[in-house]
file structure17.cif (mmCIF, C-alpha atoms)
data_input
#
loop_
_atom_site.label_atom_id
_atom_site.label_comp_id
_atom_site.auth_asym_id
_atom_site.auth_seq_id
_atom_site.Cartn_x
_atom_site.Cartn_y
_atom_site.Cartn_z
CA GLU A 29 47.37 -100.51 110.21
CA GLY A 30 44.92 -98.14 111.89
CA VAL A 31 41.73 -96.63 110.51
CA GLY A 32 41.74 -96.98 106.76
CA GLY A 33 44.92 -99.02 106.75
CA GLN A 34 47.65 -98.00 104.36
CA TRP A 35 45.97 -98.99 101.10
CA TRP A 36 47.65 -96.09 99.25
CA LYS A 37 50.97 -97.97 99.54
CA TYR A 38 49.44 -100.84 97.55
CA PRO A 39 47.48 -99.30 94.66
CA SER A 40 46.27 -102.65 93.34
CA SER A 41 44.53 -103.33 96.67
CA TYR A 42 42.02 -100.50 96.14
CA PHE A 43 39.59 -100.88 93.28
CA ASN A 44 36.37 -99.08 92.51
CA PHE A 45 33.66 -101.01 90.75
CA GLY A 46 30.63 -99.90 88.84
CA ALA A 47 28.37 -100.78 85.97
CA CYS A 48 26.44 -98.55 83.61
CA CYS A 49 23.98 -98.92 80.77
CA VAL A 50 23.03 -95.95 78.56
CA GLU A 51 20.35 -95.51 75.92
CA ALA A 52 21.08 -92.74 73.41
CA GLU A 53 19.14 -91.24 70.53
CA ILE A 54 20.80 -89.29 67.74
CA ASP A 55 19.47 -86.88 65.15
CA VAL A 56 21.16 -88.04 61.95
CA LEU A 57 20.58 -84.67 60.25
CA THR A 58 22.10 -82.45 62.94
CA GLY A 59 24.26 -84.84 64.96
CA GLU A 60 22.53 -83.85 68.21
CA VAL A 61 22.59 -86.51 70.91
CA GLU A 62 19.99 -87.12 73.59
CA LEU A 63 20.77 -89.50 76.42
CA ARG A 64 17.38 -91.10 76.99
CA ARG A 65 18.38 -93.19 79.99
CA ALA A 66 21.37 -94.04 82.15
CA ASP A 67 21.39 -96.68 84.86
CA LEU A 68 24.43 -96.80 87.14
CA VAL A 69 25.39 -99.09 89.99
CA TYR A 70 28.48 -98.05 91.92
CA ASP A 71 30.52 -99.63 94.71
CA CYS A 72 31.56 -97.01 97.24
CA GLY A 73 32.00 -99.47 100.09
CA GLN A 74 29.85 -98.55 103.05
CA SER A 75 28.62 -95.09 102.17
CA LEU A 76 29.25 -92.39 104.76
CA ASN A 77 26.44 -90.31 103.27
CA PRO A 78 24.41 -91.88 100.43
CA ALA A 79 23.02 -88.53 99.22
CA VAL A 80 26.52 -87.05 98.90
CA ASP A 81 27.89 -90.19 97.24
CA ILE A 82 25.04 -90.31 94.70
CA GLY A 83 25.58 -86.61 93.92
CA GLN A 84 29.30 -87.25 93.42
CA ILE A 85 28.56 -90.23 91.16
CA GLU A 86 26.12 -88.18 89.07
CA GLY A 87 28.64 -85.34 88.79
CA GLY A 88 31.49 -87.67 87.81
CA PHE A 89 29.29 -89.31 85.19
CA ILE A 90 28.26 -85.98 83.63
CA MET A 91 31.89 -84.81 83.71
CA GLY A 92 32.70 -87.93 81.67
CA VAL A 93 29.80 -87.28 79.28
CA GLY A 94 31.42 -83.93 78.55
CA TYR A 95 34.75 -85.63 77.97
CA PHE A 96 33.35 -88.30 75.61
CA LEU A 97 30.70 -86.25 73.79
CA ARG A 98 31.35 -82.50 74.03
CA GLU A 99 34.71 -81.19 75.17
CA GLU A 100 36.97 -80.97 72.14
CA VAL A 101 40.14 -79.08 72.96
CA LEU A 102 41.44 -77.43 69.79
CA THR A 103 45.01 -76.23 69.44
CA GLY A 104 46.68 -73.95 66.93
CA LEU A 105 49.80 -74.72 64.92
CA GLY A 106 51.97 -73.36 67.73
CA GLY A 107 50.29 -75.61 70.32
CA GLU A 108 48.23 -72.82 71.87
CA THR A 109 44.68 -73.61 72.94
CA ILE A 110 42.20 -71.98 70.57
CA SER A 111 39.05 -73.45 72.11
CA ASN A 112 39.21 -71.35 75.25
CA GLY A 113 35.65 -70.04 75.28
CA THR A 114 32.17 -71.44 74.98
CA TRP A 115 31.97 -70.42 71.30
CA GLU A 116 34.53 -73.11 70.52
CA TYR A 117 34.61 -75.26 73.66
CA LYS A 118 31.44 -77.07 74.70
CA PRO A 119 31.30 -78.33 78.30
CA PRO A 120 28.31 -80.46 79.28
CA CYS A 121 25.13 -78.58 80.12
CA SER A 122 21.75 -79.40 81.65
CA LEU A 123 20.46 -80.94 78.40
CA ASP A 124 23.32 -83.49 78.50
CA ILE A 125 21.89 -85.05 81.67
CA PRO A 126 20.02 -88.24 80.80
CA ILE A 127 16.23 -87.87 80.81
CA SER A 128 15.98 -90.89 83.12
CA PHE A 129 19.07 -90.90 85.34
CA ASN A 130 19.18 -93.73 87.89
CA VAL A 131 22.04 -94.18 90.33
CA GLU A 132 22.21 -96.95 92.89
CA LEU A 133 24.88 -97.75 95.45
CA LEU A 134 25.98 -101.38 95.60
CA LYS A 135 24.62 -102.75 98.84
CA ASP A 136 26.40 -104.77 101.54
CA CYS A 137 29.93 -104.06 100.27
CA PRO A 138 31.91 -102.56 103.17
CA PHE A 139 35.55 -101.88 102.36
CA PRO A 140 37.46 -102.91 105.51
CA LYS A 141 40.59 -100.92 104.62
CA GLY A 142 38.72 -97.68 103.86
CA ILE A 143 37.90 -94.86 106.21
CA LEU A 144 34.83 -96.17 108.06
CA ARG A 145 34.69 -98.91 105.38
CA SER A 146 33.98 -96.44 102.54
CA LYS A 147 35.48 -95.80 99.10
CA ALA A 148 35.87 -92.72 96.90
CA SER A 149 32.83 -91.59 94.92
CA GLY A 150 34.03 -88.43 93.14
CA GLU A 151 36.04 -88.89 89.94
CA PRO A 152 36.12 -92.71 89.65
CA PRO A 153 32.53 -92.91 88.30
CA MET A 154 33.63 -90.74 85.37
CA ILE A 155 34.75 -93.84 83.48
CA LEU A 156 31.18 -95.19 83.58
CA SER A 157 30.25 -92.46 81.09
CA ARG A 158 32.17 -94.45 78.48
CA ALA A 159 28.83 -96.26 78.15
CA ALA A 160 27.35 -93.03 76.71
CA TYR A 161 30.07 -93.01 74.04
CA GLY A 162 29.28 -96.66 73.26
CA ALA A 163 25.55 -95.96 73.04
CA VAL A 164 26.09 -93.07 70.60
CA LYS A 165 28.46 -95.19 68.52
CA ALA A 166 25.86 -98.00 68.41
CA ALA A 167 23.20 -95.49 67.32
CA ILE A 168 25.46 -94.24 64.51
CA GLU A 169 26.14 -97.79 63.38
CA ALA A 170 22.39 -98.55 63.38
CA ALA A 171 21.67 -95.40 61.35
CA ARG A 172 24.32 -96.35 58.81
CA LYS A 173 23.07 -99.93 58.57
CA GLU A 174 19.47 -98.74 58.11
CA ARG A 175 20.54 -96.84 54.99
CA GLY A 176 22.94 -99.50 53.69
CA VAL A 177 26.11 -97.57 54.51
CA SER A 178 29.00 -99.86 55.39
CA ALA A 179 30.71 -99.86 58.75
CA PRO A 180 33.62 -97.43 59.16
CA ASP A 181 37.07 -98.68 58.22
CA GLU A 182 40.56 -97.26 57.91
CA SER A 183 40.63 -97.38 54.11
CA THR A 184 37.82 -94.79 53.89
CA GLY A 185 39.11 -92.58 56.67
CA ASP A 186 35.91 -93.12 58.65
CA VAL A 187 37.88 -94.50 61.58
CA LEU A 188 38.86 -90.92 62.50
CA LEU A 189 35.23 -90.16 63.25
CA TRP A 190 35.32 -92.55 66.21
CA HIS A 191 37.83 -90.48 68.13
CA SER A 192 36.53 -88.95 71.29
CA PRO A 193 34.75 -86.66 71.72
CA LEU A 194 31.80 -87.62 69.52
CA THR A 195 30.79 -84.02 68.90
CA VAL A 196 27.64 -83.11 66.98
CA ASP A 197 29.78 -82.55 63.88
CA ARG A 198 31.39 -85.97 64.15
CA VAL A 199 28.07 -87.71 64.83
CA GLN A 200 26.42 -86.05 61.83
CA GLN A 201 29.37 -86.84 59.53
CA ALA A 202 29.57 -90.43 60.75
CA CYS A 203 25.90 -91.00 59.88
CA HIS A 204 26.66 -90.20 56.21
CA VAL A 205 23.32 -88.52 55.67
CA THR A 206 23.06 -86.27 52.64
CA VAL A 207 20.04 -84.48 51.21
CA GLY A 208 19.65 -87.13 48.50
CA HIS A 209 19.65 -89.99 51.05
CA MET A 210 16.96 -88.90 53.52
#

call {"tool": "encode", "arguments": {"input": "structure17.cif", "output": "structure tokens"}}
result
Amino acid sequence: EGVGGQWWKYPSSYFNFGACCVEAEIDVLTGEVELRRADLVYDCGQSLNPAVDIGQIEGGFIMGVGYFLREEVLTGLGGETISNGTWEYKPPCSLDIPISFNVELLKDCPFPKGILRSKASGEPPMILSRAAYGAVKAAIEAARKERGVSAPDESTGDVLLWHSPLTVDRVQQACHVTVGHM
């Protein structure tokens, strides 16, 4: 099938693999989130250029952090986008990068059907940032439990707070902290 084969004809024959663990800290009063640590391992086959692949993985991860924690697209009644500037729309910034950010390429995993046995490393790692969403959710649940607030459920409407993105407003509201409960 030549260099790289024809894997695009068989989508299920090309998979990207990765694993990620994230530690997050939340401020229950403001809803601010700090990603303390992120550890990623990613399978990009036999890397053509490890420095480029690691940069692509980091960029894809931070793009996903924006998607899961910051970038809320708001629309008006007519369907028009009303969050079209940074006053309303919050893309990820330098403070969204985990304090300790570790990326490792899975070793000894050549992909025989890929170009020079490699795999894509751009957008696929974005899904690994779902771990950041999970870490923030776990921190919210711990904060609620610490103060004796029950877990969210549909009957209270709390379930809506779990929709992505977990913006600072949603995080603060989900923690159920009021002045009398500090």

call {"tool": "resolve_selection", "arguments": {"input": "structure17.cif", "expression": "the PyMOL selection byres ((chain A and resi 101) around 9)", "output": "list in words"}}
result
Glu99, Glu100, Leu102, Thr103, Thr109, Ile110, Ser111, Asn112, Glu116 and Tyr117 of chain A

call {"tool": "write_last_selection", "arguments": {"input": "structure17.cif", "atoms": "C-alpha atoms", "output": "PDB file, in the frame of the given file"}}
result
ATOM      1  CA  GLU A  99      34.710 -81.190  75.170  1.00  0.00           C
ATOM      2  CA  GLU A 100      36.970 -80.970  72.140  1.00  0.00           C
ATOM      3  CA  LEU A 102      41.440 -77.430  69.790  1.00  0.00           C
ATOM      4  CA  THR A 103      45.010 -76.230  69.440  1.00  0.00           C
ATOM      5  CA  THR A 109      44.680 -73.610  72.940  1.00  0.00           C
ATOM      6  CA  ILE A 110      42.200 -71.980  70.570  1.00  0.00           C
ATOM      7  CA  SER A 111      39.050 -73.450  72.110  1.00  0.00           C
ATOM      8  CA  ASN A 112      39.210 -71.350  75.250  1.00  0.00           C
ATOM      9  CA  GLU A 116      34.530 -73.110  70.520  1.00  0.00           C
ATOM     10  CA  TYR A 117      34.610 -75.260  73.660  1.00  0.00           C
TER      11      TYR A 117
END

call {"tool": "atom_distance", "arguments": {"input": "structure17.cif", "atom1": "CA of Tyr70 (chain A)", "atom2": "CA of Pro120 (chain A)"}}
result
21.7 Å

call {"tool": "closest_residue", "arguments": {"input": "structure17.cif", "among": "A:Ala52, A:Ala148, A:Ile125, A:Cys137", "to": "Gly162 (chain A)", "atoms": "only C-alpha atoms"}}
result
A:Ala52

call {"tool": "residues_around", "arguments": {"input": "structure17.cif", "residues": "Ser75 (chain A)", "least_positions_apart": "2", "cutoff": "10 Å", "atoms": "only C-alpha atoms", "output": "list of chain:residue names"}}
result
A:Asp71, A:Cys72, A:Gly73, A:Asn77, A:Pro78, A:Ala79, A:Val80, A:Asp81, A:Ile82, A:Leu133, A:Leu134, A:Lys135, A:Asp136, A:Cys137, A:Pro138, A:Phe139, A:Leu144, A:Arg145, A:Ser146, A:Lys147, A:Ala148, A:Ser149

call {"tool": "closest_residue", "arguments": {"input": "structure17.cif", "among": "A:Trp190, A:Ala159, A:Gly107, A:Ala171", "to": "His204 (chain A)", "atoms": "all atoms listed in the file"}}
result
A:Ala171

call {"tool": "atom_distance", "arguments": {"input": "structure17.cif", "atom1": "CA of Leu123 (chain A)", "atom2": "CA of Glu151 (chain A)"}}
result
21.0 Å

call {"tool": "atom_distance", "arguments": {"input": "structure17.cif", "atom1": "CA of Lys165 (chain A)", "atom2": "CA of Val50 (chain A)"}}
result
11.4 Å

call {"tool": "closest_residue", "arguments": {"input": "structure17.cif", "among": "A:Ala202, A:Pro140, A:Thr114, A:Val131", "to": "Val164 (chain A)", "atoms": "all atoms listed in the file"}}
result
A:Ala202

call {"tool": "resolve_selection", "arguments": {"input": "structure17.cif", "expression": "the PyMOL selection byres ((chain A and resi 194) around 8)", "output": "PDB file with C-alpha atoms, keeping the file's coordinate frame"}}
result
ATOM      1  CA  PHE A  96      33.350 -88.300  75.610  1.00  0.00           C
ATOM      2  CA  LEU A  97      30.700 -86.250  73.790  1.00  0.00           C
ATOM      3  CA  ARG A  98      31.350 -82.500  74.030  1.00  0.00           C
ATOM      4  CA  TYR A 161      30.070 -93.010  74.040  1.00  0.00           C
ATOM      5  CA  VAL A 164      26.090 -93.070  70.600  1.00  0.00           C
ATOM      6  CA  LEU A 189      35.230 -90.160  63.250  1.00  0.00           C
ATOM      7  CA  TRP A 190      35.320 -92.550  66.210  1.00  0.00           C
ATOM      8  CA  HIS A 191      37.830 -90.480  68.130  1.00  0.00           C
ATOM      9  CA  SER A 192      36.530 -88.950  71.290  1.00  0.00           C
ATOM     10  CA  PRO A 193      34.750 -86.660  71.720  1.00  0.00           C
ATOM     11  CA  THR A 195      30.790 -84.020  68.900  1.00  0.00           C
ATOM     12  CA  VAL A 196      27.640 -83.110  66.980  1.00  0.00           C
ATOM     13  CA  ASP A 197      29.780 -82.550  63.880  1.00  0.00           C
ATOM     14  CA  ARG A 198      31.390 -85.970  64.150  1.00  0.00           C
ATOM     15  CA  VAL A 199      28.070 -87.710  64.830  1.00  0.00           C
TER      16      VAL A 199
END

call {"tool": "closest_residue", "arguments": {"input": "structure17.cif", "among": "A:Glu174, A:Asp67, A:Glu108, A:Glu51", "to": "Glu86 (chain A)", "atoms": "only C-alpha atoms"}}
result
A:Asp67

call {"tool": "resolve_selection", "arguments": {"input": "structure17.cif", "expression": "the PyMOL selection byres ((chain A and resi 55) around 10)", "output": "short mmCIF file (atom, residue, chain, number, x, y, z; two decimals) with C-alpha atoms, keeping the file's coordinate frame"}}
result
data_model
loop_
_atom_site.label_atom_id
_atom_site.label_comp_id
_atom_site.auth_asym_id
_atom_site.auth_seq_id
_atom_site.Cartn_x
_atom_site.Cartn_y
_atom_site.Cartn_z
CA GLU A 53 19.14 -91.24 70.53
CA ILE A 54 20.80 -89.29 67.74
CA VAL A 56 21.16 -88.04 61.95
CA LEU A 57 20.58 -84.67 60.25
CA THR A 58 22.10 -82.45 62.94
CA GLY A 59 24.26 -84.84 64.96
CA GLU A 60 22.53 -83.85 68.21
CA VAL A 61 22.59 -86.51 70.91
CA GLU A 62 19.99 -87.12 73.59
CA ALA A 167 23.20 -95.49 67.32
CA ILE A 168 25.46 -94.24 64.51
CA ALA A 171 21.67 -95.40 61.35
CA VAL A 196 27.64 -83.11 66.98
CA VAL A 199 28.07 -87.71 64.83
CA GLN A 200 26.42 -86.05 61.83
CA CYS A 203 25.90 -91.00 59.88
#

call {"tool": "decode", "arguments": {"input": "structure17.cif", "residues": "region 36-161 of chain A", "atoms": "C-alpha atoms", "output": "PDB file, in the first residue's frame"}}
result
ATOM      1  CA  TRP A  36      -7.714   6.764   5.856  1.00  0.00           C
ATOM      2  CA  LYS A  37      -9.948   4.304   3.967  1.00  0.00           C
ATOM      3  CA  TYR A  38     -10.373   2.320   7.196  1.00  0.00           C
ATOM      4  CA  PRO A  39     -10.943   4.828  10.008  1.00  0.00           C
ATOM      5  CA  SER A  40     -11.134   2.163  12.715  1.00  0.00           C
ATOM      6  CA  SER A  41      -7.587   1.041  11.855  1.00  0.00           C
ATOM      7  CA  TYR A  42      -6.066   4.322  13.080  1.00  0.00           C
ATOM      8  CA  PHE A  43      -6.359   5.083  16.765  1.00  0.00           C
ATOM      9  CA  ASN A  44      -4.532   7.577  18.932  1.00  0.00           C
ATOM     10  CA  PHE A  45      -3.915   6.638  22.530  1.00  0.00           C
ATOM     11  CA  GLY A  46      -3.051   8.703  25.534  1.00  0.00           C
ATOM     12  CA  ALA A  47      -3.496   8.961  29.257  1.00  0.00           C
ATOM     13  CA  CYS A  48      -3.689  11.996  31.487  1.00  0.00           C
ATOM     14  CA  CYS A  49      -3.948  12.774  35.175  1.00  0.00           C
ATOM     15  CA  VAL A  50      -4.701  16.298  36.423  1.00  0.00           C
ATOM     16  CA  GLU A  51      -4.631  17.839  39.883  1.00  0.00           C
ATOM     17  CA  ALA A  52      -6.806  20.944  40.251  1.00  0.00           C
ATOM     18  CA  GLU A  53      -7.378  23.414  43.060  1.00  0.00           C
ATOM     19  CA  ILE A  54     -10.445  25.639  43.230  1.00  0.00           C
ATOM     20  CA  ASP A  55     -11.222  28.790  45.161  1.00  0.00           C
ATOM     21  CA  VAL A  56     -14.716  28.138  46.504  1.00  0.00           C
ATOM     22  CA  LEU A  57     -15.362  31.865  47.042  1.00  0.00           C
ATOM     23  CA  THR A  58     -14.470  33.067  43.547  1.00  0.00           C
ATOM     24  CA  GLY A  59     -14.686  29.912  41.423  1.00  0.00           C
ATOM     25  CA  GLU A  60     -11.138  30.402  40.129  1.00  0.00           C
ATOM     26  CA  VAL A  61      -9.387  27.205  39.061  1.00  0.00           C
ATOM     27  CA  GLU A  62      -5.682  26.458  39.208  1.00  0.00           C
ATOM     28  CA  LEU A  63      -4.346  23.378  37.482  1.00  0.00           C
ATOM     29  CA  ARG A  64      -1.591  22.330  39.870  1.00  0.00           C
ATOM     30  CA  ARG A  65      -0.283  19.447  37.801  1.00  0.00           C
ATOM     31  CA  ALA A  66      -0.924  17.571  34.572  1.00  0.00           C
ATOM     32  CA  ASP A  67       0.857  14.405  33.524  1.00  0.00           C
ATOM     33  CA  LEU A  68       0.285  13.197  29.960  1.00  0.00           C
ATOM     34  CA  VAL A  69       1.514  10.159  28.075  1.00  0.00           C
ATOM     35  CA  TYR A  70       0.712  10.125  24.374  1.00  0.00           C
ATOM     36  CA  ASP A  71       1.149   7.592  21.582  1.00  0.00           C
ATOM     37  CA  CYS A  72       2.286   9.295  18.400  1.00  0.00           C
ATOM     38  CA  GLY A  73       3.875   6.195  16.919  1.00  0.00           C
ATOM     39  CA  GLN A  74       7.522   6.753  16.112  1.00  0.00           C
ATOM     40  CA  SER A  75       7.909  10.491  16.516  1.00  0.00           C
ATOM     41  CA  LEU A  76       9.385  12.339  13.545  1.00  0.00           C
ATOM     42  CA  ASN A  77      10.426  15.189  15.838  1.00  0.00           C
ATOM     43  CA  PRO A  78       9.809  14.737  19.585  1.00  0.00           C
ATOM     44  CA  ALA A  79      10.090  18.468  20.350  1.00  0.00           C
ATOM     45  CA  VAL A  80       7.434  19.319  17.749  1.00  0.00           C
ATOM     46  CA  ASP A  81       5.164  16.474  18.866  1.00  0.00           C
ATOM     47  CA  ILE A  82       5.414  17.483  22.541  1.00  0.00           C
ATOM     48  CA  GLY A  83       4.619  21.093  21.601  1.00  0.00           C
ATOM     49  CA  GLN A  84       1.600  19.928  19.602  1.00  0.00           C
ATOM     50  CA  ILE A  85       0.421  17.757  22.504  1.00  0.00           C
ATOM     51  CA  GLU A  86       0.772  20.656  24.955  1.00  0.00           C
ATOM     52  CA  GLY A  87      -1.104  22.966  22.590  1.00  0.00           C
ATOM     53  CA  GLY A  88      -3.915  20.465  22.008  1.00  0.00           C
ATOM     54  CA  PHE A  89      -4.248  19.919  25.750  1.00  0.00           C
ATOM     55  CA  ILE A  90      -4.481  23.659  26.506  1.00  0.00           C
ATOM     56  CA  MET A  91      -6.960  24.095  23.650  1.00  0.00           C
ATOM     57  CA  GLY A  92      -9.092  21.461  25.394  1.00  0.00           C
ATOM     58  CA  VAL A  93      -8.672  23.173  28.773  1.00  0.00           C
ATOM     59  CA  GLY A  94     -10.210  26.246  27.164  1.00  0.00           C
ATOM     60  CA  TYR A  95     -13.058  24.154  25.804  1.00  0.00           C
ATOM     61  CA  PHE A  96     -13.818  22.420  29.130  1.00  0.00           C
ATOM     62  CA  LEU A  97     -13.129  25.296  31.550  1.00  0.00           C
ATOM     63  CA  ARG A  98     -13.276  28.697  29.827  1.00  0.00           C
ATOM     64  CA  GLU A  99     -14.819  29.069  26.394  1.00  0.00           C
ATOM     65  CA  GLU A 100     -18.540  29.581  26.826  1.00  0.00           C
ATOM     66  CA  VAL A 101     -20.149  30.617  23.570  1.00  0.00           C
ATOM     67  CA  LEU A 102     -23.235  32.707  24.329  1.00  0.00           C
ATOM     68  CA  THR A 103     -25.968  33.288  21.782  1.00  0.00           C
ATOM     69  CA  GLY A 104     -28.829  35.758  21.652  1.00  0.00           C
ATOM     70  CA  LEU A 105     -32.488  34.929  21.118  1.00  0.00           C
ATOM     71  CA  GLY A 106     -32.013  35.162  17.355  1.00  0.00           C
ATOM     72  CA  GLY A 107     -29.092  32.706  17.423  1.00  0.00           C
ATOM     73  CA  GLU A 108     -26.425  35.377  16.947  1.00  0.00           C
ATOM     74  CA  THR A 109     -23.177  35.017  18.870  1.00  0.00           C
ATOM     75  CA  ILE A 110     -23.010  37.581  21.667  1.00  0.00           C
ATOM     76  CA  SER A 111     -19.742  36.389  23.206  1.00  0.00           C
ATOM     77  CA  ASN A 112     -17.577  37.621  20.365  1.00  0.00           C
ATOM     78  CA  GLY A 113     -14.971  39.510  22.365  1.00  0.00           C
ATOM     79  CA  THR A 114     -12.761  38.873  25.347  1.00  0.00           C
ATOM     80  CA  TRP A 115     -15.157  40.758  27.659  1.00  0.00           C
ATOM     81  CA  GLU A 116     -17.633  37.913  27.238  1.00  0.00           C
ATOM     82  CA  TYR A 117     -15.573  35.096  25.712  1.00  0.00           C
ATOM     83  CA  LYS A 118     -12.654  33.704  27.701  1.00  0.00           C
ATOM     84  CA  PRO A 119     -10.078  31.671  25.756  1.00  0.00           C
ATOM     85  CA  PRO A 120      -7.349  29.947  27.764  1.00  0.00           C
ATOM     86  CA  CYS A 121      -4.424  32.122  28.801  1.00  0.00           C
ATOM     87  CA  SER A 122      -0.974  31.592  30.303  1.00  0.00           C
ATOM     88  CA  LEU A 123      -2.403  31.129  33.817  1.00  0.00           C
ATOM     89  CA  ASP A 124      -4.459  28.153  32.569  1.00  0.00           C
ATOM     90  CA  ILE A 125      -1.280  26.172  31.872  1.00  0.00           C
ATOM     91  CA  PRO A 126      -0.688  23.669  34.674  1.00  0.00           C
ATOM     92  CA  ILE A 127       2.027  24.710  37.127  1.00  0.00           C
ATOM     93  CA  SER A 128       3.711  21.333  36.646  1.00  0.00           C
ATOM     94  CA  PHE A 129       3.070  20.227  33.054  1.00  0.00           C
ATOM     95  CA  ASN A 130       4.669  16.899  32.109  1.00  0.00           C
ATOM     96  CA  VAL A 131       4.325  15.368  28.659  1.00  0.00           C
ATOM     97  CA  GLU A 132       5.891  12.092  27.655  1.00  0.00           C
ATOM     98  CA  LEU A 133       5.760  10.232  24.358  1.00  0.00           C
ATOM     99  CA  LEU A 134       4.933   6.537  24.587  1.00  0.00           C
ATOM    100  CA  LYS A 135       8.127   4.699  23.742  1.00  0.00           C
ATOM    101  CA  ASP A 136       8.668   1.809  21.320  1.00  0.00           C
ATOM    102  CA  CYS A 137       5.298   2.147  19.564  1.00  0.00           C
ATOM    103  CA  PRO A 138       5.980   2.530  15.830  1.00  0.00           C
ATOM    104  CA  PHE A 139       2.846   2.705  13.695  1.00  0.00           C
ATOM    105  CA  PRO A 140       3.660   0.628  10.590  1.00  0.00           C
ATOM    106  CA  LYS A 141       0.881   2.166   8.477  1.00  0.00           C
ATOM    107  CA  GLY A 142       1.806   5.781   9.294  1.00  0.00           C
ATOM    108  CA  ILE A 143       4.155   8.059   7.439  1.00  0.00           C
ATOM    109  CA  LEU A 144       7.587   6.935   8.664  1.00  0.00           C
ATOM    110  CA  ARG A 145       5.697   4.977  11.367  1.00  0.00           C
ATOM    111  CA  SER A 146       4.304   8.139  13.023  1.00  0.00           C
ATOM    112  CA  LYS A 147       0.848   9.294  14.133  1.00  0.00           C
ATOM    113  CA  ALA A 148      -0.846  12.681  14.431  1.00  0.00           C
ATOM    114  CA  SER A 149      -0.029  14.786  17.488  1.00  0.00           C
ATOM    115  CA  GLY A 150      -2.014  18.010  16.931  1.00  0.00           C
ATOM    116  CA  GLU A 151      -5.698  17.969  17.853  1.00  0.00           C
ATOM    117  CA  PRO A 152      -6.110  14.369  19.128  1.00  0.00           C
ATOM    118  CA  PRO A 153      -4.509  15.164  22.533  1.00  0.00           C
ATOM    119  CA  MET A 154      -7.266  17.730  23.109  1.00  0.00           C
ATOM    120  CA  ILE A 155      -9.513  15.017  24.541  1.00  0.00           C
ATOM    121  CA  LEU A 156      -6.956  14.352  27.293  1.00  0.00           C
ATOM    122  CA  SER A 157      -7.937  17.713  28.790  1.00  0.00           C
ATOM    123  CA  ARG A 158     -11.206  16.092  29.825  1.00  0.00           C
ATOM    124  CA  ALA A 159      -9.130  15.049  32.856  1.00  0.00           C
ATOM    125  CA  ALA A 160      -8.966  18.741  33.872  1.00  0.00           C
ATOM    126  CA  TYR A 161     -12.772  18.900  33.813  1.00  0.00           C
TER     127      TYR A 161
END
